[in-house]
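Colleague: The following file, coords-v6.txt, comprises compact mmCIF, C-alpha atoms:
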# COMPACT_ATOMS: atom_id res chain seq x y z
CA MET G 1 101.37 113.87 110.89
CA ALA G 2 104.07 112.84 113.34
CA ARG G 3 103.17 110.01 115.68
CA ARG G 4 105.08 108.30 118.41
CA SER G 5 107.20 105.36 117.37
CA GLY G 6 106.25 101.77 117.85
CA THR G 7 107.59 100.30 121.10
CA PHE G 8 108.76 96.94 122.37
CA ALA G 9 105.68 96.87 124.60
CA GLY G 10 103.64 97.47 121.47
CA ALA G 11 105.42 94.57 119.79
CA LEU G 12 104.52 92.28 122.67
CA ARG G 13 100.87 93.36 122.57
CA ALA G 14 100.82 92.83 118.80
CA TRP G 15 102.27 89.33 119.19
CA VAL G 16 99.57 88.44 121.72
CA ARG G 17 96.84 89.85 119.46
CA TRP G 18 98.13 87.82 116.51
CA LEU G 19 98.14 84.57 118.50
CA ARG G 20 94.63 85.30 119.79
CA ARG G 21 93.33 85.93 116.26
CA LEU G 22 94.71 82.61 115.08
CA ARG G 23 93.23 80.75 118.04
CA GLU G 24 89.81 82.38 117.64
CA GLY G 25 89.73 81.87 113.87
CA THR G 26 89.20 85.55 112.99
CA VAL G 27 92.23 85.21 110.69
CA VAL G 28 92.85 82.36 108.27
CA VAL G 29 96.36 81.89 106.85
CA ARG G 30 96.97 79.91 103.66
CA HIS G 31 100.53 78.97 102.67
CA THR G 32 101.54 78.04 99.14
CA GLU G 33 104.84 77.43 97.36
CA PRO G 34 105.01 79.08 93.92
CA ASP G 35 106.93 77.44 91.12
CA ALA G 36 108.80 80.70 90.57
CA PRO G 37 108.76 84.20 92.08
CA ARG G 38 106.24 86.56 90.58
CA PRO G 39 107.79 89.66 89.06
CA THR G 40 108.29 92.44 91.55
CA PRO G 41 106.00 95.39 90.71
CA ASP G 42 107.78 98.34 89.15
CA THR G 43 109.33 100.33 91.98
CA ALA G 44 111.28 102.85 89.93
CA ALA G 45 111.56 105.95 92.08
CA ALA G 46 114.36 107.60 94.04
CA ASP G 47 117.94 106.33 93.86
CA ASP G 48 117.73 105.00 97.42
CA VAL G 49 114.81 102.63 96.76
CA GLN G 50 115.93 99.09 97.60
CA GLN G 51 115.73 96.49 94.86
CA ILE G 52 114.52 92.99 95.64
CA GLU G 53 117.39 91.37 93.73
CA ASP G 54 119.87 93.01 96.12
CA ALA G 55 118.26 91.43 99.19
CA VAL G 56 118.82 88.04 100.84
CA GLY G 57 116.87 84.92 101.69
CA PRO G 58 113.60 83.69 100.21
CA TRP G 59 111.14 85.83 98.32
CA PHE G 60 107.75 86.40 99.98
CA HIS G 61 104.46 87.33 98.37
CA ARG G 62 101.79 88.11 101.00
CA ARG G 63 98.20 89.30 100.64
CA TYR G 64 95.76 90.32 103.38
CA ARG G 65 92.09 90.57 102.41
CA VAL G 66 88.90 91.55 104.20
CA THR G 67 85.39 91.66 102.73
CA ILE G 68 83.01 94.18 104.29
CA ASP G 69 79.23 93.96 104.10
CA GLY G 70 76.90 96.93 104.50
CA PRO G 71 79.53 99.69 104.33
CA ARG G 72 78.39 103.30 104.73
CA ARG G 73 81.52 104.56 102.95
CA GLY G 74 82.66 103.51 99.49
CA ALA G 75 86.05 102.42 98.18
CA VAL G 76 87.02 105.87 96.91
CA GLU G 77 86.23 107.46 100.28
CA VAL G 78 88.22 104.80 102.14
CA MET G 79 91.28 105.31 99.95
CA ARG G 80 90.93 109.10 100.12
CA ALA G 81 91.11 108.87 103.91
CA ILE G 82 94.25 106.71 103.71
CA ARG G 83 95.89 109.15 101.28
CA THR G 84 95.03 112.05 103.57
CA ASN G 85 96.49 110.32 106.63
CA PRO G 86 97.80 106.74 106.51
CA ASN G 87 97.53 106.57 110.29
CA VAL G 88 93.79 105.95 109.95
CA ILE G 89 94.82 102.30 109.37
CA ALA G 90 97.82 102.22 111.74
CA GLU G 91 98.22 101.18 115.37
CA ASP G 92 99.91 103.88 117.45
CA ASP G 93 102.08 101.41 119.35
CA LEU G 94 102.90 99.12 116.43
CA ALA G 95 103.64 100.96 113.17
CA PRO G 96 102.73 104.65 112.95
CA PHE G 97 103.45 106.59 109.74
CA THR G 98 105.44 109.84 109.72
CA LEU G 99 105.61 111.93 106.55
CA ILE G 100 109.29 112.79 105.97
CA ARG G 101 109.14 114.23 102.44
CA GLY G 102 106.23 115.98 100.76
CA ASP G 103 103.21 117.89 101.96
CA GLY G 104 99.48 117.27 101.99
CA PRO G 105 97.69 114.09 100.87
CA MET G 106 99.74 111.16 99.59
CA GLN G 107 101.33 111.68 96.17
CA VAL G 108 103.99 109.94 94.08
CA GLY G 109 107.38 110.91 95.50
CA HIS G 110 106.18 111.35 99.08
CA GLN G 111 108.24 109.47 101.65
CA TYR G 112 107.10 108.04 104.98
CA ASP G 113 108.94 106.53 107.90
CA VAL G 114 107.02 103.59 109.35
CA ARG G 115 108.45 103.03 112.81
CA ILE G 116 107.68 99.38 113.37
CA ALA G 117 107.65 98.17 116.96
CA GLY G 118 111.04 96.72 117.82
CA PRO G 119 114.47 97.61 116.44
CA TRP G 120 113.35 98.03 112.82
CA ASN G 121 112.74 101.04 110.59
CA GLY G 122 110.45 101.11 107.59
CA PRO G 123 111.14 104.10 105.28
CA VAL G 124 109.08 103.91 102.08
CA GLU G 125 108.42 106.01 99.00
CA VAL G 126 105.10 106.31 97.17
CA VAL G 127 105.49 105.11 93.58
CA GLU G 128 101.83 104.84 92.50
CA VAL G 129 98.60 106.38 93.72
CA ASP G 130 95.05 106.76 92.40
CA ASP G 131 91.46 106.65 93.67
CA HIS G 132 91.53 102.93 94.40
CA HIS G 133 95.11 102.02 95.33
CA ASN G 134 98.54 103.16 96.40
CA ARG G 135 101.90 101.43 96.11
CA MET G 136 105.05 102.10 98.13
CA ALA G 137 108.62 100.92 97.55
CA THR G 138 111.05 100.27 100.38
CA MET G 139 114.02 102.62 100.79
CA GLU G 140 117.54 102.17 102.14
CA GLY G 141 117.31 101.32 105.84
CA HIS G 142 114.06 99.37 105.51
CA MET G 143 114.08 95.86 106.94
CA GLN G 144 112.89 94.50 103.58
CA ALA G 145 113.45 95.18 99.89
CA GLY G 146 110.35 95.23 97.73
CA ALA G 147 106.97 96.89 97.43
CA ILE G 148 103.63 97.00 99.22
CA GLU G 149 100.23 98.00 97.89
CA THR G 150 96.92 98.85 99.56
CA ARG G 151 93.70 98.92 97.56
CA CYS G 152 89.95 98.96 97.96
CA ALA G 153 87.19 98.02 95.52
CA GLU G 154 83.42 97.55 95.52
CA ALA G 155 81.75 94.27 94.55
CA ASP G 156 78.02 93.44 94.81
CA GLY G 157 77.38 96.03 97.50
CA ALA G 158 80.40 95.01 99.58
CA LEU G 159 83.90 96.43 99.96
CA VAL G 160 87.04 94.38 99.46
CA PHE G 161 90.15 95.85 101.07
CA GLU G 162 93.55 94.28 100.38
CA VAL G 163 97.16 94.80 101.33
CA GLU G 164 99.68 92.99 99.11
CA SER G 165 103.46 92.84 99.39
CA TRP G 166 106.40 91.42 97.42
CA ALA G 167 109.64 91.43 99.37
CA ARG G 168 112.86 89.80 100.58
CA SER G 169 114.83 90.51 103.74
CA ALA G 170 117.31 93.36 103.39
CA SER G 171 119.93 91.68 105.62
CA ARG G 172 120.93 88.34 107.11
CA PRO G 173 120.00 89.36 110.68
CA PHE G 174 116.51 90.38 109.60
CA ASP G 175 116.16 87.21 107.53
CA LEU G 176 116.77 85.31 110.77
CA VAL G 177 114.00 87.03 112.73
CA TYR G 178 111.61 87.26 109.76
CA ASP G 179 111.92 83.89 108.03
CA LYS G 180 113.77 81.52 110.34
CA LEU G 181 112.21 82.58 113.66
CA GLY G 182 109.05 84.15 112.24
CA ILE G 183 108.86 86.88 114.89
CA ALA G 184 109.02 89.87 112.53
CA ARG G 185 106.68 88.13 110.09
CA ALA G 186 104.06 87.74 112.81
CA LEU G 187 104.38 91.42 113.76
CA GLN G 188 104.07 92.42 110.12
CA SER G 189 100.97 90.25 109.83
CA GLU G 190 99.41 91.92 112.84
CA MET G 191 100.24 95.35 111.42
CA TRP G 192 98.28 94.72 108.22
CA ILE G 193 95.52 92.66 109.85
CA SER G 194 94.97 95.64 112.16
CA ALA G 195 94.81 97.84 109.06
CA CYS G 196 92.00 95.63 107.76
CA ASP G 197 90.20 96.00 111.10
CA HIS G 198 90.52 99.79 110.92
CA VAL G 199 89.06 99.85 107.41
CA VAL G 200 86.09 97.77 108.58
CA SER G 201 85.45 100.28 111.38
CA PHE G 202 85.96 103.33 109.17
CA SER G 203 83.65 101.97 106.48
CA GLY G 204 80.83 101.51 108.97
CA GLY G 205 80.23 97.97 107.73
CA ARG G 206 80.62 94.42 109.04
CA ARG G 207 83.43 91.98 108.38
CA ARG G 208 82.34 88.97 106.35
CA GLY G 209 84.04 85.90 107.73
CA PRO G 210 87.68 85.83 108.77
CA ILE G 211 90.42 88.05 107.39
CA GLU G 212 92.32 86.03 104.79
CA VAL G 213 96.11 85.92 104.63
CA LEU G 214 97.84 84.34 101.64
CA GLU G 215 101.56 83.66 101.87
CA GLU G 216 103.81 82.41 99.09
CA ARG G 217 107.45 81.68 99.87
CA THR G 218 110.10 80.62 97.39
CA ALA G 219 112.99 78.33 98.16
CA GLU G 220 116.00 79.89 99.87
CA GLN G 221 117.93 82.30 97.65
CA GLY G 222 121.35 83.95 97.84
Would you encode the structure as structure tokens?

Modeller:
Amino acid sequence: MARRSGTFAGALRAWVRWLRRLREGTVVVRHTEPDAPRPTPDTAAADDVQQIEDAVGPWFHRRYRVTIDGPRRGAVEVMRAIRTNPNVIAEDDLAPFTLIRGDGPMQVGHQYDVRIAGPWNGPVEVVEVDDHHNRMATMEGHMQAGAIETRCAEADGALVFEVESWARSASRPFDLVYDKLGIARALQSEMWISACDHVVSFSGGRRRGPIEVLEERTAEQG
């Protein structure tokens, strides 16, 4: 399953794609400020899983959603393909997945290295998986501490694919480029927006309206 790592050139291309999406209106971003952080999903797994309370800066909850009309593949088939090879939703030059522990389709305990374009690593461990969703927790060395979930469901003949994350920056330098400058946050957005695009293509359907991005950010924390 090995793939080449994301590159700085890939990061630049991703940045340009993200700006173009915003300009063309194919992505709509909605920002809110929650009264209090939502509880981080249970990420109990290996000893080297990073805990969100050990991180720095504000807490982010982000959700990416695409609705697909007329799909030829159902939710279970979409998620089966992702479990078999997560790279079906990954950009080669932005954030390819490499399986570093485990064998075969995605299972609890499997670990992946997501080599995000730029100077950042993204090792994760699978902590939940079933026919309709999977959840991964960040490990030591990841740029963030928290969890991310992908899921797919059927509703009135359409598919709804979502990626949802709960995280804080793992270090002050990353907090600078993620929160203060917004560069890493834009690249992360493009990574998961591209995943939504790949699911639309794989499903054989048509995207309904823009891809929706919800972002909740708490006040600065320690």

Colleague: Quick one: everything within 8 Å of G:Val126, counting all atoms listed in the file, minus sequence neighbours fewer than 4 positions away in the same chain. Send it as number ranges by chain.

Modeller: G: 106-111, 134-137

Colleague: Which is closer to G:Ala158 than all the others in G:Ala186, G:Val49, G:Val66, G:Ala14, using all atoms listed in the file?

Modeller: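 Of the candidates, the smallest distance to G:Ala158 is held by G:Val66.
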
Colleague: Show me, as a list in words, the residues that have an atom within 9 Å of G:Asp175 when counting all atoms listed in the file, minus same-chain residues fewer than 6 positions from it.

Modeller: Val56, Gly57, Pro58, Met143, Gln144, Arg168, Ser169 and Leu181 of chain G

Colleague: Just the number, please: distance in Å from atom CA of G:Arg208 to atom CA of G:Ala184, one decimal.

Modeller: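 Interatomic distance, atom CA of G:Arg208 to atom CA of G:Ala184: 27.4 Å.
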
Colleague: Could you work out an axis-aligned box for stretch 186-195 of chain G, taking every atom the file lists and adding 6 Å on each side, and report centre and edge lengths in Å to one decimal, as lines of an AutoDock Vina configuration file?

Modeller:
center_x = 99.6
center_y = 92.8
center_z = 111.0
size_x = 21.6
size_y = 22.1
size_z = 17.5

Colleague: Give me, as a tab-separated table, each residue of stretch 117-186 of chain G that comes within 10 Å of stretch 78-98 of chain G, together with its shortest interatomic pair and the distance in Å at one decimal, counting only C-alpha atoms, with rows ordered by chain and rising residue number.

Modeller:
residue	atom	partner	partner_atom	distance
G:Ala117	CA	G:Leu94	CA	4.9
G:Gly118	CA	G:Leu94	CA	8.6
G:Asn121	CA	G:Ala95	CA	9.5
G:Gly122	CA	G:Ala95	CA	8.8
G:Pro123	CA	G:Thr98	CA	9.2
G:Val124	CA	G:Phe97	CA	9.9
G:Val129	CA	G:Arg83	CA	8.5
G:Asp130	CA	G:Met79	CA	8.6
G:Asp131	CA	G:Met79	CA	6.4
G:His132	CA	G:Met79	CA	6.0
G:His133	CA	G:Met79	CA	6.8
G:Asn134	CA	G:Arg83	CA	8.2
G:Thr150	CA	G:Met79	CA	8.6
G:Arg151	CA	G:Met79	CA	7.2
G:Cys152	CA	G:Met79	CA	6.8
G:Ala153	CA	G:Met79	CA	9.5
G:Leu159	CA	G:Val78	CA	9.7
G:Phe161	CA	G:Val78	CA	9.2

Colleague: Calculated over only C-alpha atoms, which of the candidates G:Glu216, G:Glu33, G:Ala170, G:His198 has the smallest distance to G:Ala145?

Modeller: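 Among G:Glu216, G:Glu33, G:Ala170, G:His198, it is G:Ala170 that comes nearest to G:Ala145.
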
Colleague: Separation of atom CA of G:Met139 and atom CA of G:Ala167, in Å?

Modeller: 12.1 Å

Colleague: What's the separation between atom CA of G:Ser189 and atom CA of G:Glu53, in Å to one decimal place?

Modeller: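 The value is 23.0 Å.
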
Colleague: Just give me the residues with any atom within 7 Å of (89.8, 88.2, 112.9), file coordinates, counting only C-alpha atoms, written as a list of chain:residue names.

Modeller: G:Arg21, G:Gly25, G:Thr26, G:Val27, G:Pro210, G:Ile211
